[in-house]
Structure formats: C-alpha cells, structure tokens
file protein-v5.cif (mmCIF, C-alpha atoms and all ligand atoms)
data_target
#
loop_
_atom_site.label_atom_id
_atom_site.label_comp_id
_atom_site.auth_asym_id
_atom_site.auth_seq_id
_atom_site.Cartn_x
_atom_site.Cartn_y
_atom_site.Cartn_z
CA MET M 409 0.00 0.00 0.00
CA SER M 410 1.43 3.36 -0.88
CA HIS M 411 0.92 6.12 1.62
CA HIS M 412 0.46 9.60 0.36
CA PHE M 413 1.03 11.62 3.49
CA ASN M 414 -0.22 15.14 3.17
CA THR M 415 0.93 17.68 5.73
CA MET M 416 -0.41 20.51 3.58
CA GLN M 417 -3.20 22.51 5.06
CA ASN M 418 -6.55 22.71 3.37
CA HIS M 419 -8.45 25.91 3.07
CA LEU M 420 -11.97 27.06 3.91
CA ASP M 421 -13.13 30.58 3.22
CA ILE M 422 -14.61 31.31 6.67
CA LEU M 423 -15.14 34.66 8.44
CA PRO M 424 -12.92 35.19 11.51
CA LYS M 425 -14.57 33.62 14.60
CA GLU M 426 -14.62 36.92 16.48
CA GLU M 427 -16.95 38.35 13.86
CA TRP M 428 -19.71 35.80 14.33
CA LEU M 429 -19.16 32.69 16.45
CA ASN M 430 -17.53 34.32 19.44
CA LYS M 431 -19.05 37.76 18.95
CA ASP M 432 -21.27 37.55 22.02
CA GLN M 433 -20.32 34.21 23.45
CA LYS M 434 -17.04 32.51 24.23
CA PRO M 435 -17.26 29.52 24.38
CA TYR M 436 -20.10 29.26 21.89
CA TYR M 437 -23.04 27.44 23.47
CA ILE M 438 -25.84 25.53 21.76
CA PHE M 439 -28.40 24.35 24.31
CA GLY M 440 -31.89 22.94 23.99
CA PRO M 441 -33.89 19.75 23.70
CA CYS M 442 -33.17 16.90 21.34
CA SER M 443 -36.60 17.51 19.80
CA ALA M 444 -39.26 20.20 19.87
CA GLU M 445 -42.13 18.16 21.29
CA SER M 446 -44.84 20.72 22.08
CA PRO M 447 -45.15 24.52 22.19
CA GLU M 448 -44.96 24.41 26.02
CA GLN M 449 -41.90 22.12 26.29
CA THR M 450 -40.11 24.12 23.59
CA MET M 451 -40.85 27.50 25.20
CA GLU M 452 -40.33 26.52 28.85
CA THR M 453 -36.94 24.94 28.18
CA ALA M 454 -35.93 28.01 26.20
CA LYS M 455 -36.98 30.43 28.96
CA GLN M 456 -34.94 28.59 31.57
CA ILE M 457 -31.91 28.52 29.28
CA ALA M 458 -32.28 32.19 28.31
CA ALA M 459 -32.43 33.20 31.98
CA GLU M 460 -28.86 31.92 32.48
CA TYR M 461 -27.41 32.07 28.97
CA PRO M 462 -29.01 34.90 26.97
CA ASN M 463 -26.28 34.64 24.31
CA ALA M 464 -26.63 30.91 23.78
CA THR M 465 -28.09 29.48 20.59
CA TYR M 466 -31.24 27.45 21.16
CA ARG M 467 -31.46 24.04 19.52
CA ALA M 468 -34.42 21.75 18.93
CA GLY M 469 -34.81 18.98 16.37
CA ILE M 470 -37.85 19.39 14.11
CA TRP M 471 -37.36 16.45 11.75
CA LYS M 472 -36.14 13.35 13.55
CA PRO M 473 -35.88 10.33 11.28
CA ARG M 474 -35.12 7.52 13.74
CA THR M 475 -33.17 4.44 12.80
CA ARG M 476 -36.43 2.44 12.69
CA PRO M 477 -39.77 3.94 11.58
CA ASN M 478 -42.90 4.30 13.71
CA ASN M 479 -41.13 6.07 16.58
CA PHE M 480 -41.54 9.78 17.29
CA GLU M 481 -40.31 11.41 14.09
CA GLY M 482 -40.28 15.02 15.23
CA ALA M 483 -42.97 17.67 15.26
CA GLY M 484 -42.35 18.63 11.64
CA GLU M 485 -42.85 22.11 10.26
CA GLN M 486 -45.20 23.27 13.04
CA GLY M 487 -42.14 23.02 15.32
CA LEU M 488 -40.57 25.87 13.36
CA ASP M 489 -43.41 28.11 14.55
CA TRP M 490 -42.60 27.13 18.13
CA LEU M 491 -38.95 28.01 17.54
CA LYS M 492 -39.99 31.32 16.00
CA SER M 493 -41.92 32.14 19.19
CA VAL M 494 -38.85 31.25 21.25
CA LYS M 495 -36.80 33.71 19.24
CA GLN M 496 -39.42 36.45 19.67
CA GLU M 497 -39.99 35.92 23.39
CA THR M 498 -36.50 35.09 24.66
CA GLY M 499 -34.22 36.71 22.08
CA LEU M 500 -32.25 33.47 21.79
CA LYS M 501 -30.89 32.60 18.37
CA ILE M 502 -32.61 29.45 17.08
CA SER M 503 -31.12 26.41 15.37
CA THR M 504 -32.15 23.05 14.02
CA GLU M 505 -30.93 20.14 11.88
CA VAL M 506 -31.53 20.06 8.14
CA ALA M 507 -31.26 16.96 6.01
CA ASP M 508 -32.59 18.07 2.63
CA ALA M 509 -33.35 21.12 0.48
CA HIS M 510 -36.96 21.29 1.65
CA HIS M 511 -35.80 21.56 5.30
CA VAL M 512 -33.44 24.37 4.34
CA GLU M 513 -36.18 26.33 2.59
CA ALA M 514 -38.59 25.92 5.50
CA CYS M 515 -35.90 27.06 7.98
CA LEU M 516 -34.97 30.09 5.91
CA LYS M 517 -38.64 31.08 5.73
CA ALA M 518 -38.99 30.70 9.51
CA GLY M 519 -35.92 32.85 10.21
CA VAL M 520 -33.83 30.06 11.76
CA ASP M 521 -30.39 31.55 12.56
CA VAL M 522 -28.21 28.46 12.65
CA LEU M 523 -28.48 25.17 10.75
CA TRP M 524 -26.59 21.97 11.24
CA VAL M 525 -26.11 18.96 9.01
CA GLY M 526 -26.42 15.71 10.98
CA ALA M 527 -24.00 12.81 11.17
CA ARG M 528 -26.17 10.56 9.02
CA THR M 529 -26.42 13.21 6.33
CA THR M 530 -22.72 14.10 6.26
CA VAL M 531 -21.96 10.56 5.04
CA ASN M 532 -23.92 11.19 1.85
CA PRO M 533 -22.42 13.66 -0.64
CA PHE M 534 -25.68 13.66 -2.68
CA SER M 535 -27.61 14.97 0.33
CA VAL M 536 -24.90 17.42 1.30
CA GLN M 537 -24.77 18.83 -2.23
CA ALA M 538 -28.57 19.25 -2.29
CA ILE M 539 -28.34 21.20 0.98
CA ALA M 540 -25.45 23.26 -0.41
CA ASP M 541 -27.50 24.10 -3.53
CA ALA M 542 -30.40 25.25 -1.36
CA LEU M 543 -27.99 27.47 0.62
CA GLN M 544 -26.42 29.09 -2.43
CA GLY M 545 -25.74 32.73 -1.61
CA VAL M 546 -27.57 32.67 1.76
CA ASP M 547 -25.93 34.43 4.72
CA ILE M 548 -26.50 31.96 7.56
CA THR M 549 -24.46 29.98 10.10
CA VAL M 550 -24.01 26.29 9.31
CA PHE M 551 -22.36 23.52 11.31
CA ILE M 552 -21.42 20.14 9.89
CA LYS M 553 -21.49 17.22 12.30
CA ASN M 554 -18.89 14.53 11.78
CA PRO M 555 -20.07 11.57 9.70
CA ILE M 556 -21.12 8.57 11.83
CA VAL M 557 -18.20 6.63 10.35
CA PRO M 558 -14.71 7.90 11.19
CA ASP M 559 -13.95 9.06 7.64
CA ILE M 560 -12.26 12.44 7.72
CA GLN M 561 -12.63 12.91 3.94
CA LEU M 562 -16.44 12.86 4.16
CA TRP M 563 -16.33 15.50 6.89
CA MET M 564 -13.96 17.66 4.88
CA GLY M 565 -15.99 17.16 1.71
CA ALA M 566 -19.22 18.27 3.37
CA LEU M 567 -17.59 21.42 4.76
CA GLU M 568 -16.13 22.22 1.36
CA ARG M 569 -19.45 21.72 -0.44
CA ILE M 570 -21.28 24.06 1.94
CA ASN M 571 -18.43 26.56 1.84
CA GLN M 572 -18.43 26.53 -1.96
CA ALA M 573 -22.12 27.54 -1.86
CA GLY M 574 -20.88 30.77 -0.28
CA VAL M 575 -21.53 30.02 3.41
CA LYS M 576 -18.81 31.85 5.35
CA LYS M 577 -20.10 31.35 8.87
CA LEU M 578 -19.16 27.71 8.93
CA GLY M 579 -18.12 25.35 11.68
CA ALA M 580 -17.87 21.68 12.57
CA ILE M 581 -19.50 19.68 15.34
CA HIS M 582 -17.78 16.67 16.89
CA ARG M 583 -20.43 14.19 18.02
CA GLY M 584 -18.40 11.00 18.18
CA PHE M 585 -18.42 7.95 15.90
CA HIS M 586 -20.58 4.89 15.67
CA PHE M 587 -18.98 1.60 16.62
CA HIS M 588 -20.48 -1.73 17.57
CA ASN M 589 -19.07 -1.22 21.03
CA SER M 590 -18.40 2.33 22.19
CA GLU M 591 -18.39 1.67 25.95
CA PRO M 592 -18.54 3.69 28.12
CA TYR M 593 -19.63 6.23 25.52
CA ARG M 594 -22.64 6.22 23.24
CA ASN M 595 -20.44 7.31 20.35
CA LEU M 596 -16.68 6.85 20.57
CA PRO M 597 -15.05 10.31 20.68
CA ARG M 598 -11.89 9.43 18.70
CA TRP M 599 -10.52 12.86 19.65
CA GLU M 600 -7.74 12.57 17.08
CA MET M 601 -10.35 13.05 14.31
CA PRO M 602 -11.56 16.55 15.31
CA LEU M 603 -7.94 17.45 16.12
CA GLU M 604 -6.93 16.41 12.61
CA MET M 605 -9.70 18.64 11.23
CA MET M 606 -8.57 21.56 13.39
CA GLY M 607 -5.04 21.04 12.08
CA GLN M 608 -6.17 20.86 8.46
CA TYR M 609 -8.32 24.00 8.70
CA THR M 610 -6.78 26.32 11.26
CA ASN M 611 -9.72 28.76 11.07
CA LEU M 612 -12.43 26.11 11.47
CA PRO M 613 -14.44 26.40 14.70
CA MET M 614 -15.05 23.05 16.38
CA ILE M 615 -18.04 22.56 18.69
CA CYS M 616 -18.34 19.45 20.85
CA ASP M 617 -21.74 17.76 21.03
CA VAL M 618 -21.15 16.29 24.47
CA SER M 619 -24.60 14.67 24.65
CA HIS M 620 -24.20 12.35 21.67
CA ILE M 621 -20.71 11.33 22.71
CA SER M 622 -21.69 10.69 26.33
CA GLY M 623 -25.12 9.13 25.96
CA LYS M 624 -25.55 9.48 29.72
CA PRO M 625 -25.41 12.51 32.00
CA GLN M 626 -22.58 11.16 34.22
CA LEU M 627 -20.06 11.28 31.38
CA ILE M 628 -20.94 14.78 30.18
CA PRO M 629 -18.72 16.87 32.52
CA SER M 630 -15.49 15.06 31.66
CA VAL M 631 -16.27 15.11 27.92
CA ALA M 632 -17.08 18.84 28.05
CA GLN M 633 -13.91 19.60 30.00
CA LYS M 634 -11.80 17.61 27.56
CA ALA M 635 -13.33 19.48 24.60
CA MET M 636 -12.42 22.78 26.25
CA ASP M 637 -8.91 21.57 27.04
CA LEU M 638 -8.45 20.59 23.39
CA ASN M 639 -9.18 24.19 22.48
CA MET M 640 -12.56 23.58 20.90
CA GLN M 641 -14.70 26.68 20.45
CA GLY M 642 -17.96 25.58 22.01
CA LEU M 643 -20.36 23.00 23.35
CA MET M 644 -23.69 21.57 22.29
CA VAL M 645 -25.64 20.16 25.24
CA GLU M 646 -29.09 18.59 24.94
CA THR M 647 -31.25 20.19 27.61
CA HIS M 648 -34.87 19.34 28.47
CA ILE M 649 -37.15 20.54 31.28
CA THR M 650 -38.15 16.95 32.04
CA PRO M 651 -35.57 14.62 30.46
CA GLU M 652 -37.26 11.48 31.74
CA LYS M 653 -40.36 12.40 29.73
CA ALA M 654 -38.45 13.26 26.54
CA LEU M 655 -39.77 11.67 23.35
CA SER M 656 -36.26 11.14 21.96
CA ASP M 657 -32.82 10.64 23.54
CA ALA M 658 -34.34 10.67 27.04
CA LYS M 659 -31.24 9.09 28.58
CA GLN M 660 -28.75 11.77 27.58
CA GLN M 661 -30.65 15.03 28.13
CA ILE M 662 -30.13 17.11 31.27
CA THR M 663 -32.27 19.71 33.02
CA PRO M 664 -31.48 23.43 32.80
CA SER M 665 -30.30 23.34 36.42
CA SER M 666 -27.90 20.44 35.71
CA LEU M 667 -26.75 22.42 32.71
CA LYS M 668 -25.87 25.33 34.96
CA LYS M 669 -23.90 23.02 37.25
CA LEU M 670 -22.06 21.65 34.25
CA ILE M 671 -21.12 25.05 32.87
CA ASP M 672 -20.22 26.47 36.29
CA GLY M 673 -17.92 23.49 36.83
CA LEU M 674 -15.95 23.98 33.61
CA ILE M 675 -12.42 25.26 33.85
CA LEU M 676 -11.72 27.48 30.85
CA ARG M 677 -8.06 27.52 29.90
CA SER M 678 -6.53 29.73 27.22
CA PRO M 679 -4.28 28.53 24.40
CA THR M 680 -1.39 30.68 25.61
CA ALA M 681 -0.30 32.32 28.85
CA ASP M 682 0.66 35.98 29.02
CA ASN M 683 3.53 35.13 31.31
CA PRO M 684 7.21 35.39 30.28
CA GLU M 685 8.33 32.90 32.90
CA PHE M 686 5.88 30.34 31.54
CA GLU M 687 7.02 31.06 27.97
CA ASN M 688 10.69 30.60 28.91
CA MET M 689 10.02 27.36 30.66
CA MET M 690 8.03 26.06 27.68
CA GLU M 691 10.78 27.07 25.29
CA ALA M 692 13.40 25.19 27.33
CA LEU M 693 11.31 22.06 27.67
CA ARG M 694 10.36 22.09 24.00
CA GLN M 695 14.03 22.30 23.03
CA LYS M 696 14.67 19.16 25.06
CA ILE M 697 11.76 17.45 23.35
CA ASP M 698 13.09 18.43 19.93
CA GLU M 699 16.44 16.86 20.76
CA ILE M 700 14.83 13.65 22.03
CA ASP M 701 12.60 13.46 18.94
CA ARG M 702 15.67 13.66 16.72
CA ASN M 703 17.38 10.92 18.71
CA VAL M 704 14.31 8.72 18.55
CA LEU M 705 14.11 9.04 14.77
CA ASN M 706 17.83 8.37 14.42
CA GLN M 707 17.49 5.23 16.49
CA PHE M 708 14.52 4.09 14.41
CA SER M 709 16.67 4.59 11.35
CA ASN M 710 19.48 2.51 12.92
CA ARG M 711 16.97 -0.19 13.78
CA MET M 712 15.67 -0.31 10.21
CA ASN M 713 19.23 -0.62 8.86
CA LEU M 714 19.59 -3.79 10.92
CA VAL M 715 16.19 -5.00 9.77
CA ARG M 716 17.24 -4.60 6.13
CA GLU M 717 20.50 -6.41 6.86
CA ILE M 718 18.50 -9.31 8.33
CA GLY M 719 16.32 -9.11 5.22
CA VAL M 720 19.33 -9.73 2.99
CA TYR M 721 20.33 -12.81 5.05
CA LYS M 722 16.78 -14.11 4.98
CA LYS M 723 16.69 -13.73 1.23
CA GLU M 724 20.01 -15.52 0.75
CA ASN M 725 18.87 -18.35 3.01
CA ASN M 726 15.28 -18.52 1.78
CA VAL M 727 13.84 -17.75 5.23
CA THR M 728 10.41 -16.19 5.78
CA ILE M 729 10.07 -12.55 6.76
CA PHE M 730 7.57 -12.96 9.58
CA GLN M 731 9.08 -14.62 12.65
CA PRO M 732 6.20 -15.04 15.11
CA SER M 733 8.17 -16.24 18.14
CA ARG M 734 10.79 -13.50 17.86
CA TRP M 735 8.06 -10.90 17.35
CA GLU M 736 6.17 -12.18 20.37
CA ALA M 737 9.31 -12.07 22.51
CA ILE M 738 9.96 -8.46 21.49
CA LEU M 739 6.40 -7.49 22.29
CA ARG M 740 6.45 -9.23 25.68
CA ARG M 741 9.75 -7.62 26.68
CA SER M 742 8.54 -4.19 25.59
CA LEU M 743 5.32 -4.49 27.53
CA GLU M 744 7.29 -5.46 30.64
CA ASP M 745 9.60 -2.48 30.15
CA ALA M 746 6.58 -0.24 29.59
CA VAL M 747 5.42 -0.78 33.16
CA ASN M 748 8.72 0.36 34.65
CA LEU M 749 8.97 3.27 32.24
CA GLU M 750 5.49 4.58 33.09
CA LEU M 751 4.33 4.11 29.51
CA SER M 752 0.87 2.80 28.82
CA PRO M 753 0.78 -0.76 27.42
CA THR M 754 -1.67 0.37 24.71
CA PHE M 755 0.76 3.02 23.54
CA VAL M 756 3.76 0.68 23.56
CA LYS M 757 1.85 -2.08 21.80
CA GLY M 758 0.62 0.33 19.12
CA LEU M 759 4.12 1.67 18.65
CA TYR M 760 5.61 -1.81 18.21
CA MET M 761 2.85 -2.87 15.82
CA GLN M 762 3.81 0.12 13.67
CA ILE M 763 7.50 -0.73 13.88
CA HIS M 764 6.90 -4.36 13.02
CA ASP M 765 4.69 -3.42 10.05
CA GLU M 766 7.46 -1.19 8.77
CA SER M 767 10.10 -3.92 9.29
CA ILE M 768 7.98 -6.29 7.23
CA ARG M 769 7.46 -3.69 4.54
CA GLN M 770 11.20 -3.01 4.35
CA GLN M 771 12.14 -6.67 4.24
CA THR M 772 9.51 -7.27 1.56
CA GLU M 773 11.21 -4.59 -0.46
CA VAL M 774 14.58 -6.26 0.11
CA MET M 775 13.15 -9.65 -0.99
CA ASN M 776 11.67 -8.16 -4.13
CA THR M 777 14.79 -6.29 -5.15
CA LYS M 778 16.82 -8.11 -7.78
CA ALA M 779 20.28 -8.79 -6.41
CA ALA M 780 23.00 -6.63 -7.92
CA ALA M 781 25.08 -8.46 -10.47
CA LYS M 782 27.80 -10.41 -8.67
O1 LIG H 801 14.20 -10.85 13.89
C1 LIG H 801 13.85 -10.88 12.71
O2 LIG H 801 13.72 -11.94 12.05
C2 LIG H 801 13.57 -9.61 12.02
O3 LIG H 801 13.46 -9.61 10.81
C3 LIG H 801 13.34 -8.37 12.81
C4 LIG H 801 11.88 -8.18 13.15
C5 LIG H 801 11.84 -6.85 13.94
O4 LIG H 801 11.41 -5.83 13.40
O5 LIG H 801 12.29 -6.84 15.08
C6 LIG H 801 11.06 -8.13 11.93
C7 LIG H 801 10.24 -9.14 11.49
C8 LIG H 801 10.03 -10.38 12.23
O6 LIG H 801 8.72 -10.81 12.24
C9 LIG H 801 10.58 -10.29 13.59
C10 LIG H 801 11.40 -9.28 14.01
#

call {"tool": "encode", "arguments": {"input": "protein-v5.cif", "output": "structure tokens"}}
result
Amino acid sequence: MSHHFNTMQNHLDILPKEEWLNKDQKPYYIFGPCSAESPEQTMETAKQIAAEYPNATYRAGIWKPRTRPNNFEGAGEQGLDWLKSVKQETGLKISTEVADAHHVEACLKAGVDVLWVGARTTVNPFSVQAIADALQGVDITVFIKNPIVPDIQLWMGALERINQAGVKKLGAIHRGFHFHNSEPYRNLPRWEMPLEMMGQYTNLPMICDVSHISGKPQLIPSVAQKAMDLNMQGLMVETHITPEKALSDAKQQITPSSLKKLIDGLILRSPTADNPEFENMMEALRQKIDEIDRNVLNQFSNRMNLVREIGVYKKENNVTIFQPSRWEAILRRSLEDAVNLELSPTFVKGLYMQIHDESIRQQTEVMNTKAAAK
C-alpha cells in the first residue's frame, strides 16, 4: 500500500470567529432539547436557558428520522413556529438540523439563525450537495457534524461543499463515531479526528456535542472539560425541562439546572499564557523534546538498517520474513519495560505494531529487489 502523506493545510473561506461565532459568546453554546415536542416544552426549556445564557443558541430537532420507523419522528414544520416564538420571546438565536433542500427552505422562511447537518447526512455527498445548492448565496451559520463513520474525507468534503455555496459562517461539530461497542460512551469520541480537522483547517471552529458522545449525563462533565482543554470553540448540550419524559434521547438530556452546574464546573483555559516565565520554561522544555525526537528518529533509522541487513540474510537463506516467536518475545519484553517506564501498554503495543509493520514492509522490499550483479 502506498501512503500519500499530506501535511499541507486545506483551506476554507470562513469569516474570523470573532466576527460571528464568538461575537457575544465565548465559548459558543448551543443548548436545547433533542426535539421540539410541544409549544410548552419548547418555550419553557428556552426560557430557563435564556435566563442563564441569553447569548446561547437554542437548539431543537424538528425532523427526527429515527433508525427504525414508527417512533416519534419530530414535530415537523409546526415546530418551526414554536422556535420562532422562542426567538421572539427570549431573544435566543434558534437552530435546528436540516437533512434536505426542503428543510433548508422551511428554515430560511422561519428565520432560523443556525443550521446543522447531521451525522447521518454528512456521510452522503448527494444529500450534502442538495443542501449546499439550497444554501447558495444565503448568509447563515451552518455547522457540519462529523459523519457517523470515522472518515475524515467525508467530513472535509461536506464542509467544502457548503463553503463553496458561499456560506462563510461555517463550523464543525464533533459528536463521536458509531462503533459496535463504544463503551462507556454512546459514540466513541476518537478525539484525534476533530484534532486532525482543526489542524487541516486552522480557522475552522469546532463545537463538541457532548450529549451524543456521552449518551448518559454522568459522562458529560469530563467530555465537556476535555473538549475545552483541546481548544474547541464551544459545546452543544441537549437540555430538556423533564428529560425522563423526553420523546427522543431521554437518557442523555439534562435539566437546565444540571446544565448550569455543568457550565459552572468547567475550567476554561486559554491557548497561551501571558507570562514570560511560563514562555521561557516552555521554550526550554520544547528544546529538550526536539532533541529527544531527533534521537528517537535516528534510532529508528538505525533499527531499520539492521532490519534490512536481516532481510538480505533471509533472502540468501530462503527464510520467511515474519518470525512469530521472535516478534512475540519483542512485544512481551517491551510491555514489561513499559510498566517500569510509566508508559501505557496500549501506547507501547501500538508503537511496536507500527515498527513491526514497517520492518515487514522493508524486508519485503529487500526480498523483491533483484540482487545486484555479482
Ligand atoms: O528478527 C527478525 O527476524 C527480524 O526480521 C526483525 C523483526 C523486527 O522488526 O524486530 C522483523 C520481522 C520479524 O517478524 C521479527 C522481528
């Protein structure tokens, strides 16, 4: 397999965060029920949220296609009228999920401020393009949730399609990924995926949907704190006046008062410190890390030289590349060392799997190379 490794950054034409996302709120908060269920539930939840967080964006799902039919499928278009009333009475910005062009048109007519594309829509470029076409030239905020499968290209593609329609207030929402077993989460966070996106598009705001990752209230605080510590720009938290009576996602919604506890408990750290002593210390430690990194790579290179040398002997003696007992011994020794070195076994095992893969690749190359004329 050939690896094309791209360290180049990609580009999205997005307005600076300070001009829209973080204009009135930092972090950016999206709070509200999974679904708009009734005028009363929609309004009452909004009032309680607005009392504490007047600059938050209010969310409520209007169209809720469930995995299997014949469950509560959302209030439909009438729910947009309920959201409109919320906007009028509380002043909160309103937001909902769109999955097709018809949804977009209905939301634009209702004056919805913020739209998001859901995880099951992001996987389908046909759907995303239809939404992009409906948004052509419209000045509105749009967030793209990660696709349910951990495929970064789909996420990037969806952002690019919407951006190419001219949407400049654009962000991403990390909601975790679907796996057969995501314990203890509902959706495995795979934090490296949003981080990769943030690296690829340095101006892309990333919001963490802590509810869909957690799936249960107990996990929400640690997920929210981690998102903040990873320098994400905001949080989406499903909030319901009576979660136990919710018609969808009852298990993961929290009350407005639990929401307040959650937000009060967050420690907000900044990406840099305005402190010369801190900067000096960081500089010194980073220099040491740079030196170690260079040594590590050099040693890997030395190791691979030996591996290729072994490869030549194996070729001359017609011996197989993969040596299970030797490989097992290396792995066992390394895992024992890991304990004493305060390295996690998962990390060390992953590292050695990578090294072994590379050894095999290099020896395969040696085997396939025609010997130089003697
Ligand atoms: O010891 C060998 O036979 C090697 O080729 C070296 C090495 C390694 O990378 O350490 C590579 C492949 C084998 O499966 C086992 C070990």

call {"tool": "residues_around", "arguments": {"input": "protein-v5.cif", "residues": "Val774 of chain M", "least_positions_apart": "5", "cutoff": "12 Å", "atoms": "only C-alpha atoms", "output": "JSON, numbers by chain"}}
result
{"M": [712, 713, 715, 716, 717, 718, 719, 720, 721, 722, 723, 724, 729, 767, 768, 769, 779, 780]}

call {"tool": "atom_distance", "arguments": {"input": "protein-v5.cif", "atom1": "atom CA of Leu670 of chain M", "atom2": "atom CA of Val631 of chain M"}}
result
10.8 Å

call {"tool": "axis_aligned_box", "arguments": {"input": "protein-v5.cif", "around": "ligand LIG 801 (chain H)", "padding_each_side": "3 Å", "output": "JSON"}}
result
{"center_x": 11.5, "center_y": -8.9, "center_z": 12.9, "size_x": 11.5, "size_y": 12.1, "size_z": 10.3}

call {"tool": "closest_residue", "arguments": {"input": "protein-v5.cif", "among": "M:Asp508, M:Glu481, M:Asp672, M:Asp765", "to": "ligand LIG 801 (chain H)", "atoms": "all atoms listed in the file"}}
result
M:Asp765

call {"tool": "atom_distance", "arguments": {"input": "protein-v5.cif", "atom1": "atom CA of Ala483 of chain M", "atom2": "atom CA of Glu445 of chain M"}}
result
6.1 Å

call {"tool": "atom_distance", "arguments": {"input": "protein-v5.cif", "atom1": "atom CA of Pro462 of chain M", "atom2": "atom CA of Ser656 of chain M"}}
result
25.3 Å

call {"tool": "closest_atom_pairs", "arguments": {"input": "protein-v5.cif", "of": "segment 564-662 of chain M", "to": "segment 515-529 of chain M", "cutoff": "10 Å", "atoms": "all atoms listed in the file", "output": "tab-separated table"}}
result
residue	atom	partner	partner_atom	distance
M:Ala566	CA	M:Val525	CA	8.9
M:Leu567	CA	M:Val525	CA	9.8
M:Ile570	CA	M:Val525	CA	10.0
M:Lys577	CA	M:Val522	CA	9.4
M:Leu578	CA	M:Trp524	CA	9.7
M:Gly579	CA	M:Trp524	CA	9.1
M:Ala580	CA	M:Trp524	CA	8.8
M:Ile581	CA	M:Trp524	CA	8.5
M:His582	CA	M:Ala527	CA	9.3
M:Arg583	CA	M:Ala527	CA	7.8
M:Gly584	CA	M:Ala527	CA	9.2
M:Phe585	CA	M:Ala527	CA	8.8
M:His586	CA	M:Ala527	CA	9.7

call {"tool": "closest_residue", "arguments": {"input": "protein-v5.cif", "among": "M:Asp745, M:Phe730, M:Pro753, M:Ala632", "to": "ligand LIG 801 (chain H)", "atoms": "all atoms listed in the file"}}
result
M:Phe730

call {"tool": "closest_residue", "arguments": {"input": "protein-v5.cif", "among": "M:Asn478, M:Thr465, M:Ser446, M:Thr728", "to": "Leu500 of chain M", "atoms": "only C-alpha atoms"}}
result
M:Thr465

call {"tool": "closest_residue", "arguments": {"input": "protein-v5.cif", "among": "M:Pro732, M:Pro555, M:Pro477, M:Gly758", "to": "ligand LIG 801 (chain H)", "atoms": "only C-alpha atoms and all ligand atoms"}}
result
M:Pro732
